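The structure appears below as structure tokens.
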Amino acid sequence: MEAMGDQLILATGGYDHTIKVWQAHTGNCIKTMRFVETSQVNALDRTPDKTRLAACGYQCIRLYDLESNCTAPVINFDGVQKNVTRLGFQEDGNWMFTAGEDHHVRIWDMISAPPHCSRVFDCESPVNAACLHPNQVEIGMGSQNGNVFLWDVKSEKHECIVPEVDASIQDVAISPDGHYLAAANNKGNCYIWSLCSSPDQKMSTMRPTKKITAHSRYILRCKFSPDSRLLLTTSGDGTACLWKTSDFSKWRELSIENYWVWDAAFSADSKWLFTASSDGVARLWKLETKTPTREYTGHTKAITALSFKDEIIRKVNH
Amino acid sequence: MATYSNQHWLLSHIRNSFISTDDTGMCETVMLSDDMPKHYLRKFNSSAGVESHRRRPLKPPLVSTQTERNIRHPDAPMQEVDFVCYPGLDLSDDEEDMSTHSFDIQMYPEVGAHRFRSNTAQKLEKLDIAKRRAARIKSINYNEEVQPPDDKDFFKRKAIPNIKPNISPKETKSNDDDLSDEGVQSMLTEQLAKSPKQTQNKFVEFARFDGTSQVGMQTKRINVYLNMLPEPDRNYPLKVCVLSTAKIQEVIGFVCYKTSLQYPDVPLKSLQHYGLYMTEDNDDMEDFPPLDNREPCSKFGFSHLTLAERRPLAPVTRVDYPGQLGTKSMTSEDDKANLADAAVRALKNITLNGGAADPGGGATGGGGGDESPHDNVKEYEKRLLNHNDMLEAPMHRSFRLNIIDKRFFKSDVTLGISGERIEIDQYKNAKFWPQKKPVSTPIDAVAHCEIVERRQLKALLRIWLKSNSSSSSLPSGCTSAPINASVTTLNTGTGSSSAGIAHSPSSPGNSFGFFSTTSNIRFKHYDFDTDTHTAEQIHSKLNCILEMRSSELRREFLQQRERKLERQQVKKQLKL
């Protein structure tokens, strides 16, 4: 197979215990990697140098090398309890965070050998979601008992808010411009806070801004587009909705009828969207026209996670 | 080394080697009837008049005969005396023939391995591989103690670049449905622009049959030679791993998909142009038809196959028997003439290599498919179906339908039809009615099947059987237990509708014992209510079986019926 260096790849994982790597623009599957036999893939992320793919699932966290032909993992975490729901990397790849149903969010130092845990935060409830603030020191977290946390890993301070009682937070997202934090719950509601950071390098403060009744059912993911102009929510009602962050009105609705839309990822210019759904197909949508442009078929069961890393190649002047 | 110059031993050895290494079984069938070593030995024994007990003492002089033979002219005819039985191999005596056979030599699937490694050795190797693989995997303990970073700058706050001034809510609001160009272009946008939709793989839908790295699903590895590749490449197989559940058609799609990825320059036609052919592992395509597209690939055990364009069907003489008269016994001269006509017509239809003129070849052969008129294809398919019907008729099949019990009551039953018997069993989930005993009737006792009544969707199907309540003229096969059971249920069935399997002695049109005047065979019938399609299927299947068997009983039944019709007509005329 050709080297993956200069081509854009999409990684998907799901209930069939496999992770597939696709050539993004053609839809061809380049590589299939076997995940843990007892687990689905909860989340995928690539290291910032794009050479490794991290995946987490039930009682497992694994890192795969994308450059070799080997389909076995290069790093495996032992003794993991319960589901690991999210993971992600600091922008230089110095550390990785993992969030799990064991109530903990852990920070892993990835530059020292061997990698080790350098911070732990206890959410006192299973953690469903975590995301990194673009300032690279704050982590937004959402737990099953409905708490939304903002944790400063440097100072180890944190803030906690309960937007809705008796609802489980399913996902949290922070906009790339650092202005908003969004948290989506299992009732179909999405809460937005404005984040204000003071110049004296203290922790950001959260100010409630908006509540969107986004879906009739379970929201599975929420994400901001790279240009921070759009907020995306994907749901168990078979749709993915795009909201303008200017006024949080609905801009587009993408529909995959009768299937859950589990995950999604934007292209760097915010013009394209990949979706992962329970029909086992990943799709690429042109947002402007709401048309599915590519389909990535190969998974035999629901796709629950995907990862796509794009690049801005040029600025268009007008 | 004495053994190598002993003809008897050599012959036996060659023979045994052939038989034990040939896993097709063909060689054994051929050679079984012709046991040369035994044959020679017998010949030698009888002509030389050597008693069997003298064979062993014969061994010492063997050396001298050998030296003698070595100088003998090689072309000289073999004399009996040359053929010396090798001790222990003399299986010539018929009385010990069976007992002295060596037990079957079992071949393991891996042919060519001389000695099979023990399980322990294999296990050790597996462990070793796992160990080496594990050595490359770094392991991190998830629960280890927290070690705060030494470097103060490990967590470094990054200043977020202030967002461009042109993004203000007012500006985007001006154009409601357009988020306006951000002024950036991503690599994805560029790559997508470079690869228009046409370049997307047309076989991509078959990618989902990829079996690599699938966990918990049966997969199958096949080496496929690609016939459409240029010379050097076509000699090397494409290794694919597919899901065992994939049908051959889907395997072809997947192979095409893989091919298009690996050899993007090779143009591929659409799916129906290709077939998978059986192949030796040395790339020689066998002269068999391609594997059936509809079968799952797990059904076939081939490790090597060839993907090639479908060959036109070899010209086969198909004779279409008008009204299936070919299956009946031909009695009249007319029938014979019809059959001959049909045969001549069929021969005329054949053109070599399935050209467009051949309605049959047109449907399956090569690219000619689109030229042949649609009607021809239909007709061909219909004929194939007829043919298949006949082949499949004796195979067991079951149908779900309603039996008409007495005049009104219906109950849900399964009717099983095979070449040997028909079985009627009450459907398991049927409620309300008490469970009735299943009935099995040997096919010898079945006389006829007809569709009595056709309505728009429903049809009334009637199956005629020999009734046991009369003295039987067909003792064989009819005295078995099942038929007796059916008769007992028949009797109780007339008494009350709830006991015994449904049978309709009093249903309309039943003329029980009507035929008894001319023959002592009585017939009874079961009536079923079902949809037209099922009725026709059963009708054609059962009559196919009956026609092929051309039983006495059926002839008797049809004759009786004819006579009855004649009499009715006579009566009518008399009345007129």
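Naming works like this for the structure tokens: A, B, ... for the chains as they're shown, residue 1 at the start of each chain, ligands 1 onward in shown order.
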Report as JSON lines: every residue of chain B with an atom at most 6 Å from chain A, its closest pair of atoms, and their distance in Å to one decimal, counting only C-alpha atoms, with rows sorted by chain and ascending residue number.
{"residue": "B:Ile137", "atom": "CA", "partner": "A:Val74", "partner_atom": "CA", "distance": 4.5}
{"residue": "B:Lys138", "atom": "CA", "partner": "A:Ile75", "partner_atom": "CA", "distance": 4.5}
{"residue": "B:Ser139", "atom": "CA", "partner": "A:Asn76", "partner_atom": "CA", "distance": 5.0}
{"residue": "B:Ile140", "atom": "CA", "partner": "A:Phe77", "partner_atom": "CA", "distance": 4.7}
{"residue": "B:Asn141", "atom": "CA", "partner": "A:Asp78", "partner_atom": "CA", "distance": 4.9}
{"residue": "B:Tyr142", "atom": "CA", "partner": "A:Gly79", "partner_atom": "CA", "distance": 5.6}
{"residue": "B:Val146", "atom": "CA", "partner": "A:Ser118", "partner_atom": "CA", "distance": 5.1}
{"residue": "B:Gln147", "atom": "CA", "partner": "A:Ser118", "partner_atom": "CA", "distance": 4.8}
{"residue": "B:Pro148", "atom": "CA", "partner": "A:Ser118", "partner_atom": "CA", "distance": 4.5}
{"residue": "B:Pro149", "atom": "CA", "partner": "A:Ser118", "partner_atom": "CA", "distance": 5.9}
{"residue": "B:Phe155", "atom": "CA", "partner": "A:Lys154", "partner_atom": "CA", "distance": 5.5}
{"residue": "B:Arg157", "atom": "CA", "partner": "A:Asn135", "partner_atom": "CA", "distance": 5.5}
{"residue": "B:Lys158", "atom": "CA", "partner": "A:Asn135", "partner_atom": "CA", "distance": 4.5}
{"residue": "B:Pro169", "atom": "CA", "partner": "A:Ser246", "partner_atom": "CA", "distance": 5.1}
{"residue": "B:Gly183", "atom": "CA", "partner": "A:Val316", "partner_atom": "CA", "distance": 4.6}
{"residue": "B:Val184", "atom": "CA", "partner": "A:Lys315", "partner_atom": "CA", "distance": 4.4}
{"residue": "B:Gln185", "atom": "CA", "partner": "A:Arg314", "partner_atom": "CA", "distance": 5.6}
{"residue": "B:Ser186", "atom": "CA", "partner": "A:Ile312", "partner_atom": "CA", "distance": 4.4}
{"residue": "B:Met187", "atom": "CA", "partner": "A:Glu311", "partner_atom": "CA", "distance": 5.6}
{"residue": "B:Leu192", "atom": "CA", "partner": "A:His25", "partner_atom": "CA", "distance": 5.3}
{"residue": "B:Gln200", "atom": "CA", "partner": "A:Thr26", "partner_atom": "CA", "distance": 5.8}
{"residue": "B:Ala207", "atom": "CA", "partner": "A:Gly298", "partner_atom": "CA", "distance": 5.0}
{"residue": "B:Arg208", "atom": "CA", "partner": "A:Gly298", "partner_atom": "CA", "distance": 3.5}
{"residue": "B:Ser213", "atom": "CA", "partner": "A:Arg34", "partner_atom": "CA", "distance": 5.0}
Based on the selection just made, write C-alpha atoms of those residues as a compact mmCIF listing (two decimals), in the first residue's frame.
# COMPACT_ATOMS: atom_id res chain seq x y z
CA ILE B 137 3.62 -3.55 22.07
CA LYS B 138 4.42 -1.12 24.82
CA SER B 139 2.31 -1.72 27.85
CA ILE B 140 1.13 1.00 30.22
CA ASN B 141 -0.55 0.35 33.53
CA TYR B 142 -3.76 2.35 33.61
CA VAL B 146 0.06 9.88 39.50
CA GLN B 147 3.45 11.40 38.86
CA PRO B 148 3.06 15.15 38.47
CA PRO B 149 5.24 16.52 35.68
CA PHE B 155 1.14 22.34 30.84
CA ARG B 157 -1.28 27.94 28.41
CA LYS B 158 -1.56 28.95 24.82
CA PRO B 169 -22.67 38.31 13.77
CA GLY B 183 -11.15 32.62 2.73
CA VAL B 184 -9.49 29.27 3.30
CA GLN B 185 -9.33 26.05 1.40
CA SER B 186 -8.61 22.71 2.95
CA MET B 187 -6.64 19.84 1.57
CA LEU B 192 -12.08 16.12 -3.79
CA GLN B 200 -15.05 6.57 -7.39
CA ALA B 207 -16.06 -3.53 0.08
CA ARG B 208 -18.21 -4.60 2.98
CA SER B 213 -9.43 -8.49 10.70
* Close residues, A:Phe248 itself excluded, 12 Å, only C-alpha atoms, min 3 positions apart in chain, as number ranges by chain -> A: 180, 182, 190-193, 209-214, 224, 228-233, 241-245, 251-252; B: 169, 173
For the residues in that selection, give me N, CA and C atoms as an mmCIF file, in the first residue's frame.
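For reference, out_23.cif as written:
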data_model
loop_
_atom_site.group_PDB
_atom_site.id
_atom_site.type_symbol
_atom_site.label_atom_id
_atom_site.label_comp_id
_atom_site.auth_asym_id
_atom_site.auth_seq_id
_atom_site.Cartn_x
_atom_site.Cartn_y
_atom_site.Cartn_z
ATOM 1 N N TYR A 180 -16.972 29.553 23.124
ATOM 2 C CA TYR A 180 -18.144 28.832 23.619
ATOM 3 C C TYR A 180 -17.796 27.446 24.123
ATOM 4 N N ALA A 182 -20.100 23.963 24.710
ATOM 5 C CA ALA A 182 -21.425 23.385 24.494
ATOM 6 C C ALA A 182 -21.484 22.031 25.195
ATOM 7 N N CYS A 190 -29.250 21.036 24.169
ATOM 8 C CA CYS A 190 -27.851 21.441 24.075
ATOM 9 C C CYS A 190 -27.708 22.793 24.781
ATOM 10 N N TYR A 191 -26.774 22.864 25.711
ATOM 11 C CA TYR A 191 -26.562 24.093 26.476
ATOM 12 C C TYR A 191 -25.265 24.751 26.032
ATOM 13 N N ILE A 192 -25.320 26.081 25.934
ATOM 14 C CA ILE A 192 -24.132 26.821 25.494
ATOM 15 C C ILE A 192 -23.728 27.819 26.582
ATOM 16 N N TRP A 193 -22.450 27.851 26.847
ATOM 17 C CA TRP A 193 -21.911 28.862 27.749
ATOM 18 C C TRP A 193 -20.879 29.691 26.995
ATOM 19 N N THR A 209 -25.433 31.012 28.183
ATOM 20 C CA THR A 209 -25.763 31.832 27.031
ATOM 21 C C THR A 209 -27.030 31.380 26.331
ATOM 22 N N LYS A 210 -27.180 30.067 26.155
ATOM 23 C CA LYS A 210 -28.281 29.624 25.300
ATOM 24 C C LYS A 210 -28.619 28.168 25.587
ATOM 25 N N LYS A 211 -29.880 27.845 25.448
ATOM 26 C CA LYS A 211 -30.293 26.442 25.478
ATOM 27 C C LYS A 211 -30.996 26.145 24.157
ATOM 28 N N ILE A 212 -30.527 25.131 23.459
ATOM 29 C CA ILE A 212 -31.183 24.754 22.199
ATOM 30 C C ILE A 212 -31.908 23.431 22.439
ATOM 31 N N THR A 213 -33.171 23.381 22.068
ATOM 32 C CA THR A 213 -33.865 22.093 22.057
ATOM 33 C C THR A 213 -33.560 21.494 20.689
ATOM 34 N N ALA A 214 -32.450 20.804 20.639
ATOM 35 C CA ALA A 214 -31.892 20.459 19.334
ATOM 36 C C ALA A 214 -32.562 19.244 18.704
ATOM 37 N N PHE A 224 -17.891 21.814 17.371
ATOM 38 C CA PHE A 224 -17.834 23.102 16.679
ATOM 39 C C PHE A 224 -17.003 22.940 15.416
ATOM 40 N N SER A 228 -15.404 27.930 13.871
ATOM 41 C CA SER A 228 -16.246 28.308 15.015
ATOM 42 C C SER A 228 -17.584 28.928 14.618
ATOM 43 N N ARG A 229 -17.931 28.851 13.367
ATOM 44 C CA ARG A 229 -19.199 29.451 12.960
ATOM 45 C C ARG A 229 -20.372 28.490 13.080
ATOM 46 N N LEU A 230 -20.051 27.223 13.194
ATOM 47 C CA LEU A 230 -21.119 26.230 13.241
ATOM 48 C C LEU A 230 -20.972 25.343 14.465
ATOM 49 N N LEU A 231 -22.131 24.947 14.987
ATOM 50 C CA LEU A 231 -22.164 23.927 16.023
ATOM 51 C C LEU A 231 -22.942 22.747 15.440
ATOM 52 N N LEU A 232 -22.393 21.580 15.630
ATOM 53 C CA LEU A 232 -23.037 20.390 15.085
ATOM 54 C C LEU A 232 -23.554 19.532 16.230
ATOM 55 N N THR A 233 -24.734 18.998 16.090
ATOM 56 C CA THR A 233 -25.228 18.001 17.046
ATOM 57 C C THR A 233 -25.670 16.769 16.262
ATOM 58 N N CYS A 241 -27.618 18.014 13.021
ATOM 59 C CA CYS A 241 -28.059 19.387 12.787
ATOM 60 C C CYS A 241 -26.893 20.349 12.952
ATOM 61 N N LEU A 242 -26.905 21.359 12.103
ATOM 62 C CA LEU A 242 -25.863 22.380 12.156
ATOM 63 C C LEU A 242 -26.501 23.689 12.564
ATOM 64 N N TRP A 243 -25.912 24.307 13.572
ATOM 65 C CA TRP A 243 -26.444 25.545 14.137
ATOM 66 C C TRP A 243 -25.413 26.636 13.941
ATOM 67 N N LYS A 244 -25.916 27.812 13.567
ATOM 68 C CA LYS A 244 -24.998 28.935 13.402
ATOM 69 C C LYS A 244 -24.653 29.482 14.778
ATOM 70 N N THR A 245 -23.380 29.658 15.057
ATOM 71 C CA THR A 245 -23.013 30.128 16.383
ATOM 72 C C THR A 245 -23.296 31.619 16.547
ATOM 73 N N TRP A 251 -29.114 25.823 10.808
ATOM 74 C CA TRP A 251 -28.679 26.191 9.468
ATOM 75 C C TRP A 251 -28.942 25.035 8.486
ATOM 76 N N ARG A 252 -28.575 23.835 8.863
ATOM 77 C CA ARG A 252 -28.753 22.673 7.986
ATOM 78 C C ARG A 252 -29.163 21.470 8.825
ATOM 79 N N PRO B 169 -21.329 38.856 13.966
ATOM 80 C CA PRO B 169 -22.669 38.307 13.767
ATOM 81 C C PRO B 169 -23.465 39.086 12.723
ATOM 82 N N LYS B 173 -25.275 37.519 9.226
ATOM 83 C CA LYS B 173 -26.738 37.596 9.162
ATOM 84 C C LYS B 173 -27.217 38.161 7.835
#
For stretch 409-424 of chain B, find every residue with an atom within 7 Å (counting only C-alpha atoms), except residues of its own chain fewer than 5 positions away, and show them as a PDB file with N, CA and C atoms, in the first residue's frame.
ATOM      1  N   PRO B 394     -37.981 -34.525  -6.974  1.00  0.00           N
ATOM      2  CA  PRO B 394     -37.913 -35.535  -5.912  1.00  0.00           C
ATOM      3  C   PRO B 394     -37.318 -35.017  -4.614  1.00  0.00           C
ATOM      4  N   MET B 395     -36.766 -33.801  -4.623  1.00  0.00           N
ATOM      5  CA  MET B 395     -36.167 -33.289  -3.392  1.00  0.00           C
ATOM      6  C   MET B 395     -37.260 -32.873  -2.421  1.00  0.00           C
ATOM      7  N   HIS B 396     -36.981 -33.038  -1.162  1.00  0.00           N
ATOM      8  CA  HIS B 396     -37.991 -32.731  -0.160  1.00  0.00           C
ATOM      9  C   HIS B 396     -38.231 -31.240  -0.072  1.00  0.00           C
ATOM     10  N   ARG B 397     -39.506 -30.890  -0.033  1.00  0.00           N
ATOM     11  CA  ARG B 397     -39.846 -29.497   0.173  1.00  0.00           C
ATOM     12  C   ARG B 397     -41.113 -29.450   0.984  1.00  0.00           C
ATOM     13  N   SER B 398     -41.253 -28.465   1.826  1.00  0.00           N
ATOM     14  CA  SER B 398     -42.497 -28.401   2.568  1.00  0.00           C
ATOM     15  C   SER B 398     -43.221 -27.095   2.292  1.00  0.00           C
ATOM     16  N   PHE B 399     -44.510 -27.168   2.346  1.00  0.00           N
ATOM     17  CA  PHE B 399     -45.367 -26.023   2.063  1.00  0.00           C
ATOM     18  C   PHE B 399     -46.292 -25.820   3.251  1.00  0.00           C
ATOM     19  N   ARG B 400     -46.674 -24.590   3.461  1.00  0.00           N
ATOM     20  CA  ARG B 400     -47.656 -24.327   4.522  1.00  0.00           C
ATOM     21  C   ARG B 400     -48.964 -23.998   3.871  1.00  0.00           C
ATOM     22  N   LEU B 401     -49.992 -24.713   4.228  1.00  0.00           N
ATOM     23  CA  LEU B 401     -51.284 -24.407   3.661  1.00  0.00           C
ATOM     24  C   LEU B 401     -52.394 -24.849   4.594  1.00  0.00           C
ATOM     25  N   ASN B 402     -53.608 -24.647   4.144  1.00  0.00           N
ATOM     26  CA  ASN B 402     -54.762 -25.012   4.951  1.00  0.00           C
ATOM     27  C   ASN B 402     -55.375 -26.281   4.412  1.00  0.00           C
ATOM     28  N   ILE B 403     -55.628 -27.203   5.298  1.00  0.00           N
ATOM     29  CA  ILE B 403     -56.333 -28.396   4.863  1.00  0.00           C
ATOM     30  C   ILE B 403     -57.810 -28.143   5.131  1.00  0.00           C
ATOM     31  N   ILE B 404     -58.640 -28.612   4.212  1.00  0.00           N
ATOM     32  CA  ILE B 404     -60.069 -28.389   4.420  1.00  0.00           C
ATOM     33  C   ILE B 404     -60.649 -29.621   5.083  1.00  0.00           C
ATOM     34  N   ALA B 430     -50.466 -23.757  15.464  1.00  0.00           N
ATOM     35  CA  ALA B 430     -51.902 -23.680  15.283  1.00  0.00           C
ATOM     36  C   ALA B 430     -52.600 -23.803  16.632  1.00  0.00           C
ATOM     37  N   PRO B 438     -49.650 -36.537  12.862  1.00  0.00           N
ATOM     38  CA  PRO B 438     -49.150 -36.368  11.498  1.00  0.00           C
ATOM     39  C   PRO B 438     -49.395 -37.622  10.670  1.00  0.00           C
ATOM     40  N   VAL B 439     -49.514 -37.419   9.382  1.00  0.00           N
ATOM     41  CA  VAL B 439     -49.769 -38.532   8.482  1.00  0.00           C
ATOM     42  C   VAL B 439     -48.655 -38.596   7.463  1.00  0.00           C
ATOM     43  N   SER B 440     -48.152 -39.801   7.238  1.00  0.00           N
ATOM     44  CA  SER B 440     -47.135 -39.961   6.215  1.00  0.00           C
ATOM     45  C   SER B 440     -47.608 -41.020   5.221  1.00  0.00           C
ATOM     46  N   THR B 441     -47.549 -40.698   3.965  1.00  0.00           N
ATOM     47  CA  THR B 441     -48.031 -41.630   2.961  1.00  0.00           C
ATOM     48  C   THR B 441     -46.916 -41.892   1.959  1.00  0.00           C
ATOM     49  N   PRO B 442     -46.600 -43.166   1.719  1.00  0.00           N
ATOM     50  CA  PRO B 442     -45.569 -43.425   0.713  1.00  0.00           C
ATOM     51  C   PRO B 442     -46.049 -42.951  -0.663  1.00  0.00           C
ATOM     52  N   ILE B 443     -45.111 -42.531  -1.472  1.00  0.00           N
ATOM     53  CA  ILE B 443     -45.483 -41.943  -2.755  1.00  0.00           C
ATOM     54  C   ILE B 443     -46.198 -42.962  -3.644  1.00  0.00           C
ATOM     55  N   ILE B 545     -43.148 -35.789  -9.968  1.00  0.00           N
ATOM     56  CA  ILE B 545     -42.692 -37.015  -9.297  1.00  0.00           C
ATOM     57  C   ILE B 545     -43.497 -38.207  -9.800  1.00  0.00           C
TER      58      ILE B 545
END
* Where does DSSP see strand (DSSP E or B) in stretch 57-159 of chain A, if you list the residues as a PyMOL selection string? -> chain A and resi 57-58+60-65+73-78+83-89+95-100+104-109+116-122+127-132+138-143+148-152+158-159
Would you write out those residues with C-alpha atoms, as a PDB file, in the first residue's frame?
ATOM      1  CA  GLY A  57     -13.406   1.189  24.169  1.00  0.00           C
ATOM      2  CA  TYR A  58     -14.605  -1.112  26.869  1.00  0.00           C
ATOM      3  CA  CYS A  60      -9.130  -0.768  26.629  1.00  0.00           C
ATOM      4  CA  ILE A  61      -7.060   2.046  25.263  1.00  0.00           C
ATOM      5  CA  ARG A  62      -4.808   1.320  22.320  1.00  0.00           C
ATOM      6  CA  LEU A  63      -2.518   3.223  20.047  1.00  0.00           C
ATOM      7  CA  TYR A  64      -1.841   2.036  16.526  1.00  0.00           C
ATOM      8  CA  ASP A  65       0.941   2.937  14.185  1.00  0.00           C
ATOM      9  CA  PRO A  73      -1.223  -1.904  18.414  1.00  0.00           C
ATOM     10  CA  VAL A  74       2.045  -0.274  19.472  1.00  0.00           C
ATOM     11  CA  ILE A  75       0.825   0.812  22.894  1.00  0.00           C
ATOM     12  CA  ASN A  76      -1.686  -0.991  25.031  1.00  0.00           C
ATOM     13  CA  PHE A  77      -3.073   0.091  28.403  1.00  0.00           C
ATOM     14  CA  ASP A  78      -3.417  -2.642  31.006  1.00  0.00           C
ATOM     15  CA  ASN A  83     -15.642   2.012  29.311  1.00  0.00           C
ATOM     16  CA  VAL A  84     -13.168   4.628  28.265  1.00  0.00           C
ATOM     17  CA  THR A  85     -15.405   7.147  26.554  1.00  0.00           C
ATOM     18  CA  ARG A  86     -13.129   9.825  25.126  1.00  0.00           C
ATOM     19  CA  LEU A  87      -9.504  10.537  24.447  1.00  0.00           C
ATOM     20  CA  GLY A  88      -7.591  13.320  22.797  1.00  0.00           C
ATOM     21  CA  PHE A  89      -4.168  14.867  22.410  1.00  0.00           C
ATOM     22  CA  TRP A  95       0.111  14.565  26.581  1.00  0.00           C
ATOM     23  CA  MET A  96      -3.108  12.701  26.073  1.00  0.00           C
ATOM     24  CA  PHE A  97      -6.307  12.786  28.101  1.00  0.00           C
ATOM     25  CA  THR A  98      -8.686   9.896  28.660  1.00  0.00           C
ATOM     26  CA  ALA A  99     -12.148   9.985  30.199  1.00  0.00           C
ATOM     27  CA  GLY A 100     -13.759   6.882  31.579  1.00  0.00           C
ATOM     28  CA  HIS A 104     -11.800   9.636  36.227  1.00  0.00           C
ATOM     29  CA  VAL A 105     -10.229  11.838  33.623  1.00  0.00           C
ATOM     30  CA  ARG A 106      -6.533  11.129  33.342  1.00  0.00           C
ATOM     31  CA  ILE A 107      -3.713  13.032  31.734  1.00  0.00           C
ATOM     32  CA  TRP A 108      -0.945  10.898  30.267  1.00  0.00           C
ATOM     33  CA  ASP A 109       2.538  12.217  29.737  1.00  0.00           C
ATOM     34  CA  HIS A 116       2.803   7.712  32.633  1.00  0.00           C
ATOM     35  CA  CYS A 117      -0.140   9.373  34.293  1.00  0.00           C
ATOM     36  CA  SER A 118       0.534  12.946  35.420  1.00  0.00           C
ATOM     37  CA  ARG A 119      -2.899  14.200  36.521  1.00  0.00           C
ATOM     38  CA  VAL A 120      -6.217  12.699  37.593  1.00  0.00           C
ATOM     39  CA  PHE A 121      -9.581  14.378  38.038  1.00  0.00           C
ATOM     40  CA  ASP A 122     -12.439  12.654  39.814  1.00  0.00           C
ATOM     41  CA  VAL A 127     -17.515  10.526  32.613  1.00  0.00           C
ATOM     42  CA  ASN A 128     -19.187  10.485  29.210  1.00  0.00           C
ATOM     43  CA  ALA A 129     -17.256  13.206  27.479  1.00  0.00           C
ATOM     44  CA  ALA A 130     -14.174  15.359  27.609  1.00  0.00           C
ATOM     45  CA  CYS A 131     -12.663  17.925  25.283  1.00  0.00           C
ATOM     46  CA  LEU A 132      -9.668  20.172  25.291  1.00  0.00           C
ATOM     47  CA  GLU A 138      -8.417  23.482  30.237  1.00  0.00           C
ATOM     48  CA  ILE A 139     -10.551  20.424  29.759  1.00  0.00           C
ATOM     49  CA  GLY A 140     -14.317  20.434  29.494  1.00  0.00           C
ATOM     50  CA  MET A 141     -15.992  17.322  30.873  1.00  0.00           C
ATOM     51  CA  GLY A 142     -19.519  15.938  31.064  1.00  0.00           C
ATOM     52  CA  SER A 143     -20.705  13.212  33.375  1.00  0.00           C
ATOM     53  CA  VAL A 148     -20.443  19.843  33.355  1.00  0.00           C
ATOM     54  CA  PHE A 149     -16.904  20.536  34.531  1.00  0.00           C
ATOM     55  CA  LEU A 150     -14.196  22.834  33.383  1.00  0.00           C
ATOM     56  CA  TRP A 151     -10.850  21.753  34.749  1.00  0.00           C
ATOM     57  CA  ASP A 152      -7.599  23.634  34.529  1.00  0.00           C
ATOM     58  CA  HIS A 158     -12.145  23.427  38.412  1.00  0.00           C
ATOM     59  CA  GLU A 159     -15.658  24.719  38.005  1.00  0.00           C
TER      60      GLU A 159
END
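Pairwise distance (atom CA of B:Ser303, atom CA of B:Val30) equals 26.3 Å.
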* Please provide the set of residues having any atom within 8 Å of A:Asp263, restricted to only C-alpha atoms, with same-chain residues fewer than 4 positions apart removed, written as a ChimeraX atom specification. => /A:220-221,234,275-277,304-306
